>>> print(open('final_18.cif').read())   # mmCIF, C-alpha atoms and all ligand atoms
data_upload
loop_
_atom_site.label_atom_id
_atom_site.label_comp_id
_atom_site.auth_asym_id
_atom_site.auth_seq_id
_atom_site.Cartn_x
_atom_site.Cartn_y
_atom_site.Cartn_z
CA MET A 1 -101.54 34.86 -73.81
CA PHE A 2 -105.11 36.08 -73.57
CA TRP A 3 -106.71 39.29 -74.80
CA ASP A 4 -109.92 38.75 -72.80
CA LYS A 5 -109.30 35.77 -70.55
CA GLU A 6 -112.70 35.84 -68.89
CA ILE A 7 -114.69 35.42 -72.09
CA GLU A 8 -112.15 33.19 -73.82
CA THR A 9 -112.19 30.66 -70.97
CA LEU A 10 -115.85 31.03 -69.96
CA ASP A 11 -117.30 27.68 -68.85
CA ARG A 12 -119.47 25.92 -71.43
CA GLY A 13 -122.70 26.33 -69.46
CA SER A 14 -122.30 30.10 -69.17
CA LEU A 15 -121.16 30.37 -72.79
CA GLU A 16 -124.23 28.49 -74.02
CA ARG A 17 -126.56 30.60 -71.87
CA LEU A 18 -124.94 33.69 -73.32
CA GLN A 19 -125.44 32.31 -76.83
CA LEU A 20 -129.10 31.54 -76.19
CA GLY A 21 -129.82 35.02 -74.86
CA ARG A 22 -128.02 36.68 -77.77
CA LEU A 23 -129.74 34.40 -80.27
CA ARG A 24 -133.16 35.46 -78.98
CA GLU A 25 -132.15 39.14 -79.16
CA THR A 26 -130.90 38.66 -82.70
CA ILE A 27 -134.18 37.06 -83.77
CA GLU A 28 -136.18 39.90 -82.16
CA HIS A 29 -133.93 42.44 -83.90
CA VAL A 30 -134.35 40.98 -87.40
CA ALA A 31 -138.05 40.23 -86.88
CA ALA A 32 -138.58 43.90 -86.08
CA HIS A 33 -136.44 45.45 -88.82
CA VAL A 34 -135.65 43.14 -91.74
CA PRO A 35 -138.53 42.39 -94.14
CA PHE A 36 -136.65 39.37 -95.55
CA TYR A 37 -136.55 37.75 -92.10
CA GLN A 38 -140.06 38.84 -91.14
CA HIS A 39 -141.24 36.85 -94.12
CA LYS A 40 -138.91 33.88 -93.55
CA LEU A 41 -139.72 33.60 -89.83
CA ALA A 42 -143.45 33.84 -90.47
CA GLU A 43 -143.11 31.11 -93.10
CA ALA A 44 -141.29 28.88 -90.59
CA GLY A 45 -143.79 29.82 -87.88
CA VAL A 46 -141.08 30.75 -85.38
CA GLU A 47 -140.74 33.67 -82.97
CA ALA A 48 -137.92 34.55 -80.59
CA THR A 49 -139.92 33.23 -77.61
CA ASP A 50 -140.10 29.77 -79.25
CA ILE A 51 -136.32 29.42 -78.94
CA ARG A 52 -135.92 27.76 -75.53
CA SER A 53 -132.66 25.93 -76.11
CA LEU A 54 -129.84 26.04 -78.62
CA ASP A 55 -131.32 22.93 -80.27
CA ASP A 56 -134.27 25.09 -81.29
CA LEU A 57 -131.88 26.87 -83.63
CA ARG A 58 -132.76 24.16 -86.13
CA ARG A 59 -136.29 25.53 -86.37
CA LEU A 60 -134.94 28.71 -87.95
CA PRO A 61 -134.67 29.06 -91.73
CA PHE A 62 -131.30 29.00 -93.51
CA THR A 63 -129.92 32.11 -95.21
CA THR A 64 -128.07 31.46 -98.45
CA ASN A 65 -125.64 33.18 -100.72
CA ALA A 66 -128.50 33.58 -103.20
CA ASP A 67 -130.58 35.39 -100.55
CA LEU A 68 -127.80 37.93 -100.05
CA ARG A 69 -127.44 38.48 -103.77
CA ALA A 70 -131.18 38.82 -104.21
CA THR A 71 -131.34 41.58 -101.58
CA TYR A 72 -128.46 43.57 -103.14
CA PRO A 73 -127.87 46.54 -102.87
CA ARG A 74 -129.79 47.26 -99.69
CA GLY A 75 -128.70 44.04 -98.01
CA LEU A 76 -130.39 42.62 -94.94
CA VAL A 77 -129.95 45.86 -93.03
CA ALA A 78 -131.46 45.98 -89.55
CA THR A 79 -130.46 49.48 -88.42
CA PRO A 80 -131.42 52.99 -89.61
CA PRO A 81 -129.18 54.35 -92.41
CA GLY A 82 -127.66 56.91 -90.02
CA GLU A 83 -126.12 54.10 -87.97
CA LEU A 84 -124.28 52.50 -90.87
CA LEU A 85 -120.55 53.10 -90.80
CA ARG A 86 -118.96 50.94 -93.46
CA LEU A 87 -119.85 48.97 -96.57
CA HIS A 88 -117.95 45.97 -97.85
CA THR A 89 -118.95 43.84 -100.76
CA SER A 90 -118.16 40.26 -101.38
CA SER A 91 -117.77 39.35 -105.00
CA GLY A 92 -118.30 36.03 -106.59
CA THR A 93 -117.02 35.04 -110.00
CA THR A 94 -120.45 35.59 -111.50
CA GLY A 95 -123.46 37.79 -110.90
CA LYS A 96 -124.07 40.57 -108.44
CA PRO A 97 -121.93 41.09 -105.36
CA LYS A 98 -123.26 40.88 -101.81
CA ALA A 99 -123.59 44.15 -99.89
CA LEU A 100 -122.40 43.86 -96.29
CA PHE A 101 -122.94 46.70 -93.85
CA PHE A 102 -121.23 47.45 -90.55
CA SER A 103 -122.37 49.68 -87.68
CA ARG A 104 -119.90 51.28 -85.27
CA GLY A 105 -120.48 48.36 -82.90
CA ASP A 106 -119.78 45.87 -85.70
CA VAL A 107 -116.53 47.60 -86.67
CA ASP A 108 -115.43 47.57 -83.01
CA ASN A 109 -116.40 43.94 -82.51
CA ALA A 110 -114.57 42.85 -85.65
CA ALA A 111 -111.37 44.49 -84.39
CA GLU A 112 -111.90 43.01 -80.91
CA LEU A 113 -112.08 39.45 -82.29
CA ILE A 114 -108.88 39.99 -84.30
CA ALA A 115 -107.17 41.36 -81.20
CA ARG A 116 -108.11 38.15 -79.38
CA ALA A 117 -106.79 36.04 -82.23
CA MET A 118 -103.51 37.89 -82.66
CA THR A 119 -102.82 37.91 -78.92
CA MET A 120 -103.62 34.20 -78.82
CA ALA A 121 -100.89 33.64 -81.43
CA GLY A 122 -98.40 35.62 -79.34
CA VAL A 123 -98.52 38.99 -81.13
CA THR A 124 -97.75 41.97 -78.87
CA THR A 125 -97.24 45.75 -79.00
CA ASP A 126 -93.61 45.05 -79.92
CA ASP A 127 -94.59 43.49 -83.25
CA VAL A 128 -94.47 45.11 -86.67
CA PHE A 129 -97.39 43.85 -88.73
CA GLN A 130 -97.08 43.93 -92.52
CA ASN A 131 -100.52 43.41 -94.00
CA MET A 132 -100.09 41.86 -97.46
CA MET A 133 -103.82 41.40 -98.16
CA THR A 134 -105.90 43.42 -100.60
CA TYR A 135 -107.28 46.65 -99.13
CA GLY A 136 -110.61 47.84 -100.48
CA LEU A 137 -114.05 46.32 -100.71
CA PHE A 138 -112.71 42.97 -99.53
CA THR A 139 -112.86 42.69 -95.70
CA GLY A 140 -109.63 40.70 -95.30
CA ALA A 141 -107.11 43.51 -95.04
CA LEU A 142 -109.07 46.24 -93.26
CA VAL A 143 -110.47 44.12 -90.47
CA MET A 144 -107.03 42.66 -89.66
CA HIS A 145 -105.59 46.18 -89.87
CA TYR A 146 -107.91 47.54 -87.18
CA GLY A 147 -107.43 44.46 -85.02
CA ALA A 148 -103.65 44.80 -85.17
CA GLU A 149 -103.92 48.48 -84.23
CA LYS A 150 -106.11 47.50 -81.31
CA VAL A 151 -103.37 45.12 -80.11
CA GLY A 152 -100.95 48.01 -80.53
CA CYS A 153 -98.66 46.71 -83.27
CA LEU A 154 -96.97 49.04 -85.70
CA VAL A 155 -99.12 48.37 -88.77
CA ILE A 156 -97.79 48.60 -92.33
CA PRO A 157 -100.71 48.58 -94.82
CA ALA A 158 -98.62 47.12 -97.65
CA GLY A 159 -101.38 45.44 -99.62
CA PRO A 160 -100.52 42.53 -101.91
CA GLY A 161 -98.05 42.24 -104.77
CA ASN A 162 -94.97 44.29 -105.64
CA SER A 163 -92.55 41.86 -104.04
CA GLU A 164 -89.65 44.28 -104.33
CA ARG A 165 -91.44 46.84 -102.17
CA GLN A 166 -92.64 44.15 -99.73
CA LEU A 167 -89.06 43.10 -99.20
CA LEU A 168 -87.88 46.68 -98.76
CA LEU A 169 -90.53 47.27 -96.07
CA MET A 170 -89.58 44.03 -94.32
CA GLN A 171 -85.91 44.97 -94.30
CA ASP A 172 -86.24 48.62 -93.36
CA PHE A 173 -88.96 48.32 -90.71
CA ARG A 174 -88.09 44.82 -89.43
CA SER A 175 -91.58 43.38 -89.95
CA THR A 176 -92.22 40.46 -87.62
CA VAL A 177 -95.76 39.38 -88.54
CA VAL A 178 -97.41 39.14 -91.95
CA HIS A 179 -100.95 38.48 -93.14
CA VAL A 180 -100.95 36.87 -96.54
CA THR A 181 -102.72 34.43 -98.84
CA PRO A 182 -101.04 31.02 -99.11
CA SER A 183 -100.46 31.40 -102.85
CA TYR A 184 -98.74 34.77 -102.47
CA ALA A 185 -96.73 33.52 -99.48
CA LEU A 186 -95.33 30.74 -101.66
CA TYR A 187 -94.70 33.07 -104.56
CA PHE A 188 -92.94 35.56 -102.28
CA ALA A 189 -90.76 32.79 -100.86
CA GLY A 190 -89.61 32.08 -104.40
CA TYR A 191 -88.88 35.77 -104.91
CA LEU A 192 -86.71 35.86 -101.76
CA GLU A 193 -84.85 32.81 -102.97
CA SER A 194 -84.19 34.42 -106.35
CA LYS A 195 -82.74 37.47 -104.57
CA GLY A 196 -80.50 35.33 -102.38
CA ILE A 197 -82.36 36.42 -99.25
CA ASP A 198 -82.44 33.95 -96.38
CA PRO A 199 -85.41 35.04 -94.23
CA ARG A 200 -83.93 33.53 -91.06
CA ARG A 201 -80.67 35.39 -91.51
CA ASP A 202 -81.77 38.60 -93.24
CA LEU A 203 -85.30 39.33 -92.02
CA ALA A 204 -87.11 39.57 -88.67
CA LEU A 205 -90.23 37.62 -89.65
CA ARG A 206 -91.56 35.26 -87.00
CA LYS A 207 -95.27 34.68 -87.62
CA ALA A 208 -97.67 34.59 -90.55
CA PHE A 209 -101.45 34.61 -90.55
CA VAL A 210 -102.49 32.76 -93.65
CA GLY A 211 -106.02 32.66 -94.94
CA ALA A 212 -108.58 33.76 -97.55
CA GLU A 213 -108.02 30.62 -99.62
CA PRO A 214 -108.26 26.99 -98.57
CA TYR A 215 -104.85 25.34 -98.43
CA THR A 216 -103.35 22.17 -97.10
CA GLU A 217 -101.16 21.18 -94.17
CA GLU A 218 -98.45 20.39 -96.75
CA SER A 219 -98.54 23.99 -97.99
CA ARG A 220 -98.34 25.26 -94.43
CA GLY A 221 -95.14 23.24 -94.01
CA LYS A 222 -93.70 24.71 -97.21
CA ILE A 223 -94.49 28.29 -96.16
CA GLU A 224 -93.03 27.77 -92.67
CA LYS A 225 -89.85 26.33 -94.11
CA ALA A 226 -89.44 28.87 -96.89
CA LEU A 227 -90.19 32.02 -94.87
CA GLY A 228 -88.86 30.88 -91.50
CA VAL A 229 -92.14 31.67 -89.74
CA GLU A 230 -94.82 29.98 -87.66
CA VAL A 231 -97.96 29.85 -89.79
CA TYR A 232 -101.33 30.30 -88.09
CA ASN A 233 -104.51 29.32 -89.86
CA SER A 234 -107.39 31.72 -89.80
CA TYR A 235 -110.97 31.57 -90.95
CA GLY A 236 -113.50 34.22 -91.76
CA LEU A 237 -115.90 35.44 -94.38
CA SER A 238 -117.21 38.86 -95.25
CA GLU A 239 -120.77 37.90 -94.31
CA MET A 240 -119.53 37.35 -90.71
CA ASN A 241 -117.34 40.51 -90.23
CA GLY A 242 -114.52 39.19 -92.41
CA PRO A 243 -111.51 37.49 -90.82
CA GLY A 244 -111.72 36.79 -87.10
CA VAL A 245 -114.41 34.12 -87.00
CA ALA A 246 -111.95 31.41 -85.98
CA PHE A 247 -108.19 31.33 -85.43
CA GLU A 248 -105.57 28.87 -84.26
CA CYS A 249 -104.00 29.02 -80.83
CA PRO A 250 -100.38 27.92 -80.29
CA HIS A 251 -101.53 24.28 -79.95
CA GLN A 252 -102.60 24.40 -83.62
CA SER A 253 -105.15 21.65 -83.27
CA GLY A 254 -108.06 23.41 -84.94
CA MET A 255 -109.23 27.02 -85.00
CA HIS A 256 -111.09 28.39 -81.97
CA LEU A 257 -114.41 29.81 -83.15
CA TRP A 258 -115.53 32.79 -81.06
CA GLU A 259 -118.77 31.34 -79.82
CA ASP A 260 -119.89 34.43 -77.91
CA HIS A 261 -120.22 36.06 -81.37
CA PHE A 262 -121.23 33.15 -83.59
CA ILE A 263 -123.11 29.88 -83.34
CA ALA A 264 -121.62 27.16 -85.52
CA GLU A 265 -123.41 24.13 -86.92
CA VAL A 266 -122.01 21.55 -89.33
CA VAL A 267 -124.65 20.07 -91.61
CA ASP A 268 -124.94 17.64 -94.47
CA PRO A 269 -124.84 19.92 -97.53
CA GLN A 270 -127.54 17.90 -99.28
CA THR A 271 -130.08 17.45 -96.48
CA GLY A 272 -129.25 20.39 -94.19
CA GLU A 273 -129.35 17.99 -91.22
CA PRO A 274 -126.58 18.20 -88.58
CA VAL A 275 -123.72 15.70 -88.85
CA PRO A 276 -122.14 14.15 -85.72
CA GLU A 277 -119.32 16.08 -84.05
CA GLY A 278 -116.00 15.37 -85.73
CA GLU A 279 -117.54 14.59 -89.12
CA CYS A 280 -117.18 16.78 -92.16
CA GLY A 281 -120.01 18.83 -93.52
CA GLU A 282 -120.98 22.36 -94.48
CA LEU A 283 -120.39 25.06 -91.88
CA VAL A 284 -123.50 27.08 -90.99
CA LEU A 285 -123.04 30.27 -88.94
CA THR A 286 -125.44 32.50 -87.04
CA THR A 287 -124.30 35.96 -85.90
CA LEU A 288 -125.00 36.84 -82.24
CA CYS A 289 -123.65 40.39 -81.94
CA ARG A 290 -123.99 41.96 -85.35
CA GLU A 291 -126.12 45.11 -85.33
CA ALA A 292 -126.23 46.38 -88.91
CA MET A 293 -126.69 43.07 -90.64
CA PRO A 294 -127.40 40.05 -88.47
CA ILE A 295 -127.59 36.76 -90.37
CA LEU A 296 -129.38 33.60 -89.25
CA ARG A 297 -128.00 30.17 -90.17
CA TYR A 298 -125.81 31.24 -93.06
CA ARG A 299 -124.81 28.44 -95.42
CA THR A 300 -121.10 29.22 -95.78
CA ARG A 301 -120.50 26.42 -98.33
CA ASP A 302 -117.20 25.77 -96.55
CA ILE A 303 -116.48 22.15 -95.70
CA THR A 304 -115.10 21.52 -92.22
CA ALA A 305 -115.78 19.63 -88.97
CA LEU A 306 -116.06 20.59 -85.31
CA VAL A 307 -113.06 19.18 -83.44
CA PRO A 308 -114.24 17.05 -80.48
CA GLY A 309 -112.82 17.54 -76.99
CA THR A 310 -111.19 20.51 -75.29
CA CYS A 311 -107.99 22.37 -76.12
CA ALA A 312 -104.96 22.37 -73.84
CA CYS A 313 -104.75 26.18 -74.06
CA GLY A 314 -107.72 26.51 -71.71
CA ARG A 315 -110.06 28.26 -74.11
CA SER A 316 -113.58 26.90 -73.96
CA HIS A 317 -114.61 27.98 -77.46
CA ARG A 318 -114.89 25.00 -79.79
CA ARG A 319 -112.51 24.43 -82.68
CA LEU A 320 -113.07 24.15 -86.40
CA ALA A 321 -110.96 21.74 -88.40
CA ARG A 322 -109.05 23.03 -91.42
CA ILE A 323 -111.37 24.06 -94.25
CA THR A 324 -111.00 21.28 -96.79
CA GLY A 325 -112.94 22.83 -99.63
CA ARG A 326 -116.17 24.45 -100.66
CA THR A 327 -119.39 22.75 -101.54
CA ASP A 328 -119.30 24.62 -104.85
CA ASP A 329 -115.66 24.13 -105.86
CA VAL A 330 -115.96 20.43 -106.23
CA LEU A 331 -114.96 19.41 -109.75
CA VAL A 332 -116.89 16.60 -111.32
CA VAL A 333 -114.54 14.79 -113.67
CA ARG A 334 -115.70 11.58 -115.32
CA GLY A 335 -118.38 11.32 -112.68
CA VAL A 336 -115.94 11.56 -109.79
CA ASN A 337 -116.09 14.38 -107.22
CA ILE A 338 -112.67 15.99 -106.86
CA TYR A 339 -111.65 18.86 -104.59
CA PRO A 340 -108.67 20.91 -105.80
CA GLN A 341 -107.25 20.59 -102.26
CA GLN A 342 -106.84 16.82 -102.78
CA ILE A 343 -104.55 17.55 -105.71
CA GLU A 344 -102.66 20.22 -103.78
CA GLN A 345 -102.09 17.83 -100.90
CA VAL A 346 -100.43 15.29 -103.19
CA LEU A 347 -98.29 17.87 -104.99
CA MET A 348 -97.12 19.80 -101.95
CA GLY A 349 -96.03 16.57 -100.27
CA LEU A 350 -93.32 16.09 -102.92
CA PRO A 351 -90.05 17.98 -102.36
CA GLN A 352 -89.25 18.15 -106.10
CA VAL A 353 -92.48 20.07 -106.70
CA GLY A 354 -92.34 23.86 -106.65
CA ARG A 355 -94.83 26.33 -105.31
CA ASN A 356 -97.43 26.67 -108.02
CA TYR A 357 -99.78 24.42 -109.96
CA LEU A 358 -102.78 24.69 -112.23
CA ILE A 359 -105.60 22.30 -113.04
CA VAL A 360 -106.89 22.57 -116.61
CA LEU A 361 -110.04 20.81 -117.80
CA ASP A 362 -110.57 20.45 -121.54
CA GLY A 363 -112.79 18.79 -124.09
CA LEU A 364 -114.73 15.92 -122.65
CA ASP A 365 -113.36 15.68 -119.12
CA GLU A 366 -109.66 15.71 -119.95
CA MET A 367 -107.77 16.81 -116.85
CA THR A 368 -104.25 18.18 -117.06
CA VAL A 369 -102.33 19.17 -113.96
CA LYS A 370 -99.52 21.62 -114.68
CA VAL A 371 -96.91 21.47 -111.97
CA GLU A 372 -93.97 23.76 -111.39
CA LEU A 373 -90.68 22.07 -110.55
CA ALA A 374 -88.77 23.22 -107.49
CA GLY A 375 -85.99 25.65 -108.42
CA SER A 376 -83.49 24.02 -106.11
CA GLY A 377 -82.87 20.39 -105.28
CA PHE A 378 -83.84 19.11 -108.74
CA ASP A 379 -81.22 18.52 -111.39
CA GLY A 380 -83.60 18.53 -114.39
CA ARG A 381 -82.13 15.34 -115.87
CA ILE A 382 -84.60 13.88 -118.33
CA GLU A 383 -84.86 10.46 -116.69
CA HIS A 384 -85.53 12.13 -113.36
CA VAL A 385 -88.23 14.32 -114.90
CA VAL A 386 -89.91 11.28 -116.43
CA ARG A 387 -89.74 9.39 -113.14
CA LEU A 388 -91.21 12.31 -111.20
CA GLN A 389 -93.97 12.73 -113.75
CA SER A 390 -95.08 9.13 -113.47
CA GLU A 391 -94.83 9.25 -109.69
CA ILE A 392 -97.17 12.27 -109.60
CA VAL A 393 -99.60 10.56 -111.97
CA SER A 394 -99.78 7.44 -109.83
CA ARG A 395 -100.11 9.38 -106.56
CA LEU A 396 -102.86 11.56 -108.01
CA ARG A 397 -104.64 8.54 -109.39
CA ALA A 398 -104.62 6.92 -105.95
CA GLU A 399 -106.04 10.11 -104.39
CA ILE A 400 -108.66 11.24 -106.90
CA LEU A 401 -109.43 7.89 -108.56
CA THR A 402 -108.99 9.22 -112.05
CA LYS A 403 -105.83 9.46 -114.13
CA PRO A 404 -104.88 13.01 -115.08
CA LYS A 405 -102.21 14.15 -117.51
CA VAL A 406 -99.30 15.75 -115.69
CA GLU A 407 -97.12 18.42 -117.27
CA LEU A 408 -93.99 19.51 -115.46
CA VAL A 409 -93.05 23.11 -116.13
CA PRO A 410 -90.14 25.29 -114.97
CA GLU A 411 -90.45 27.29 -111.77
CA GLY A 412 -92.13 30.65 -112.26
CA SER A 413 -93.83 29.77 -115.56
CA LEU A 414 -97.43 29.49 -114.31
CA PRO A 415 -99.49 32.66 -113.81
CA VAL A 416 -99.51 34.10 -110.30
CA SER A 417 -102.40 36.08 -108.93
CA GLU A 418 -101.90 38.70 -106.28
CA GLY A 419 -105.31 38.17 -104.73
CA LYS A 420 -106.99 34.81 -104.48
CA ALA A 421 -105.23 32.12 -106.48
CA LYS A 422 -106.96 30.70 -109.52
CA ARG A 423 -106.16 27.00 -109.44
CA VAL A 424 -108.66 25.66 -111.95
CA ILE A 425 -109.32 26.57 -115.58
CA ASP A 426 -112.38 24.80 -116.90
CA ASN A 427 -112.54 24.88 -120.72
CA ARG A 428 -114.91 21.95 -120.97
CA LYS A 429 -117.82 22.17 -123.36
CA LEU A 430 -120.25 19.86 -121.61
ZN ZN B 501 -106.42 26.27 -77.96
#
>>> encode(input="final_18.cif", output="structure tokens")
Amino acid sequence: MFWDKEIETLDRGSLERLQLGRLRETIEHVAAHVPFYQHKLAEAGVEATDIRSLDDLRRLPFTTNADLRATYPRGLVATPPGELLRLHTSSGTTGKPKALFFSRGDVDNAAELIARAMTMAGVTTDDVFQNMMTYGLFTGALVMHYGAEKVGCLVIPAGPGNSERQLLLMQDFRSTVVHVTPSYALYFAGYLESKGIDPRRDLALRKAFVGAEPYTEESRGKIEKALGVEVYNSYGLSEMNGPGVAFECPHQSGMHLWEDHFIAEVVDPQTGEPVPEGECGELVLTTLCREAMPILRYRTRDITALVPGTCACGRSHRRLARITGRTDDVLVVRGVNIYPQQIEQVLMGLPQVGRNYLIVLDGLDEMTVKVELAGSGFDGRIEHVVRLQSEIVSRLRAEILTKPKVELVPEGSLPVSEGKAKRVIDNRKL
């Protein structure tokens, strides 16, 4: 199913010509109105007329997270104050937030891209959409909300947490589609189990959009099984409208990135040079339609690859592979680079393992992985616990090349966050 078949299946030549024209307009727009870019473009010695092909994109300067923080609170605004319609901020764990402004056109475009994505996944006016993301300064919930309304779903702005109320809403209004973080989806599945609810028998759920945190294919399988839904991966970031940058189609072989709105590059995070198609690197995005706050070559710090080839669904927009981590969430333990997703992949592949885990770093590089046991299907006999523990240690060692301590804990004993999951506690004094 298509929301806008013409643009979604536009031939590559036309799509790239459209990108080039919009890129030039974006450069003219920021060069005329954003002092930050006036300075940056002058420094790089580039003007809009120098951009003759999409390869010339590489002549433009990068924009970083630090640039956005440094220009807080005004942001990189390119329109008069009277044209600003909405402010979101994106918070990091430290320092100032980033101020992100939307014009009316930006708000409309953000909803339009979500409408494409939801329709692509088979959502229709008959669906009841329960939005379990955090409403507020974070873009995740609101942008999906307006997109779902555009499709014509009945939208329930549930927000996260309060599992009892979530369940009540699902039962009483027969919710069919949810939008949820992977960690809360897994927690909620445990809640349903504890209440004796079988989602396939007792609820009407059929699809889940899962995003806002990186997660593994193994976790997707667990969520699908536990909630009885098809899980669709989504990708977005507040700097680029929020969710809606890239979504999976029913073929689920990568997420189609809406290339009429964004140009994607994948670069080596160290050198900033492009990596060959299909290889992993840092995703760099340029906005093509944003009015209030266009951004050139934004270093997302997300690690992914562009999937080579075309998709059987007929869409011409290229696909992003699953986000495997962030350039800044790599843990360096005893000199080895470790992504938390590597650990998750090992754990979630084991049926005896439950839905939650925590990585704790102490002292001089001591790593402990606390792992919840599955509530069902594990008898808790001591010899079985010991065997499982040593199996996890050896599998982790093979994956991350260092030997962590593994502590098995009962289901439900690790802290659960209602927003983004905190998977790592670093107490090291290095
Ligand atoms: Zn497709």
>>> closest_atom_pairs(input="final_18.cif", of="chain A", to="ligand ZN 501 (chain B)", cutoff="9 Å", atoms="only C-alpha atoms and all ligand atoms", output="tab-separated table")
residue	atom	partner	partner_atom	distance
A:Met120	CA	B:ZN501	ZN	8.5
A:Glu248	CA	B:ZN501	ZN	6.9
A:Cys249	CA	B:ZN501	ZN	4.7
A:Pro250	CA	B:ZN501	ZN	6.7
A:His251	CA	B:ZN501	ZN	5.6
A:Gln252	CA	B:ZN501	ZN	7.1
A:Ser253	CA	B:ZN501	ZN	7.2
A:Gly254	CA	B:ZN501	ZN	7.7
A:Met255	CA	B:ZN501	ZN	7.6
A:His256	CA	B:ZN501	ZN	6.5
A:Thr310	CA	B:ZN501	ZN	7.9
A:Cys311	CA	B:ZN501	ZN	4.6
A:Ala312	CA	B:ZN501	ZN	5.9
A:Cys313	CA	B:ZN501	ZN	4.2
A:Gly314	CA	B:ZN501	ZN	6.4
A:Arg315	CA	B:ZN501	ZN	5.7
A:Ser316	CA	B:ZN501	ZN	8.2
A:His317	CA	B:ZN501	ZN	8.4
A:Arg318	CA	B:ZN501	ZN	8.8
A:Arg319	CA	B:ZN501	ZN	7.9
>>> closest_residue(input="final_18.cif", among="A:Ile263, A:Val307, A:Val30, A:Leu168", to="Leu54 of chain A", atoms="only C-alpha atoms")
A:Ile263
>>> closest_residue(input="final_18.cif", among="A:Asp260, A:Trp3, A:Glu279, A:Leu100", to="Val151 of chain A", atoms="only C-alpha atoms")
A:Trp3
>>> closest_residue(input="final_18.cif", among="A:Lys195, A:Arg301, A:Arg220, A:Arg116", to="Ala246 of chain A", atoms="only C-alpha atoms")
A:Arg116
>>> closest_atom_pairs(input="final_18.cif", of="segment 355-401 of chain A", to="segment 335-346 of chain A", cutoff="7 Å", atoms="all atoms listed in the file", output="tab-separated table")
residue	atom	partner	partner_atom	distance
A:Arg395	CA	A:Val346	CA	6.8
A:Leu396	CA	A:Val346	CA	6.6
A:Glu399	CA	A:Gln342	CA	6.9
A:Ile400	CA	A:Ile338	CA	6.2
>>> atom_distance(input="final_18.cif", atom1="atom CA of Ser234 of chain A", atom2="atom CA of Thr71 of chain A")
28.5 Å
>>> residues_near_point(input="final_18.cif", point="(-109.0, 38.8, -94.0)", cutoff="6 Å", atoms="only C-alpha atoms", output="ChimeraX atom specification")
/A:139-141,242-243
>>> residues_near_point(input="final_18.cif", point="(-114.8, 39.7, -87.8)", cutoff="7 Å", atoms="all atoms listed in the file", output="list of chain:residue names")
A:Asn109, A:Ala110, A:Ala111, A:Leu113, A:Ile114, A:Val143, A:Gly236, A:Met240, A:Asn241, A:Gly242, A:Pro243, A:Gly244, A:Val245
>>> residues_around(input="final_18.cif", residues="Glu273 of chain A", least_positions_apart="3", cutoff="12 Å", atoms="all atoms listed in the file", output="list of chain:residue names")
A:Leu57, A:Arg58, A:Arg59, A:Phe62, A:Glu265, A:Val266, A:Val267, A:Asp268, A:Pro269, A:Gln270, A:Pro276, A:Gly281, A:Glu282, A:Leu283, A:Val284
>>> residues_around(input="final_18.cif", residues="Val123 of chain A", least_positions_apart="5", cutoff="9 Å", atoms="all atoms listed in the file", output="list of chain:residue names")
A:Met1, A:Ala115, A:Ala117, A:Met118, A:Ala148, A:Val151, A:Cys153, A:Val177, A:Lys207
>>> axis_aligned_box(input="final_18.cif", around="segment 30-38 of chain A", padding_each_side="8 Å", output="lines of an AutoDock Vina configuration file")
center_x = -137.2
center_y = 41.6
center_z = -90.8
size_x = 21.7
size_y = 23.7
size_z = 25.5
>>> closest_residue(input="final_18.cif", among="A:Arg387, A:Arg297, A:Lys222, A:Arg12", to="Asp56 of chain A", atoms="all atoms listed in the file")
A:Arg297
>>> closest_atom_pairs(input="final_18.cif", of="segment 215-242 of chain A", to="segment 181-189 of chain A", cutoff="8 Å", atoms="all atoms listed in the file", output="CSV")
residue,atom,partner,partner_atom,distance
A:Tyr215,CA,A:Pro182,CA,6.9
A:Ser219,CA,A:Pro182,CA,7.5
A:Arg220,CA,A:Pro182,CA,7.9
A:Lys222,CA,A:Leu186,CA,7.7
A:Ile223,CA,A:Leu186,CA,6.1
A:Ala226,CA,A:Ala189,CA,5.7
A:Leu227,CA,A:Ala189,CA,6.1
>>> write_last_selection(input="final_18.cif", atoms="C-alpha atoms", output="compact mmCIF listing (two decimals), in the coordinates of the input")
# COMPACT_ATOMS: atom_id res chain seq x y z
CA TYR A 215 -104.85 25.34 -98.43
CA SER A 219 -98.54 23.99 -97.99
CA ARG A 220 -98.34 25.26 -94.43
CA LYS A 222 -93.70 24.71 -97.21
CA ILE A 223 -94.49 28.29 -96.16
CA ALA A 226 -89.44 28.87 -96.89
CA LEU A 227 -90.19 32.02 -94.87
>>> closest_residue(input="final_18.cif", among="A:Val107, A:Leu296, A:Val77, A:Val210", to="His179 of chain A", atoms="all atoms listed in the file")
A:Val210
>>> closest_residue(input="final_18.cif", among="A:His145, A:Asp328, A:Leu203, A:Phe129", to="Val178 of chain A", atoms="all atoms listed in the file")
A:Phe129
>>> atom_distance(input="final_18.cif", atom1="atom CA of Gly272 of chain A", atom2="atom CA of Ala321 of chain A")
19.2 Å
>>> atom_distance(input="final_18.cif", atom1="atom CA of Asn233 of chain A", atom2="atom CA of Gly136 of chain A")
22.2 Å
>>> residues_around(input="final_18.cif", residues="Phe101 of chain A", least_positions_apart="6", cutoff="6 Å", atoms="all atoms listed in the file", output="MDAnalysis selection string")
chainID A and resid 86:87 292
>>> write_last_selection(input="final_18.cif", atoms="C-alpha atoms", output="PDB file, in the coordinates of the input")
ATOM      1  CA  ARG A  86    -118.960  50.940 -93.460  1.00  0.00           C
ATOM      2  CA  LEU A  87    -119.850  48.970 -96.570  1.00  0.00           C
ATOM      3  CA  ALA A 292    -126.230  46.380 -88.910  1.00  0.00           C
TER       4      ALA A 292
END
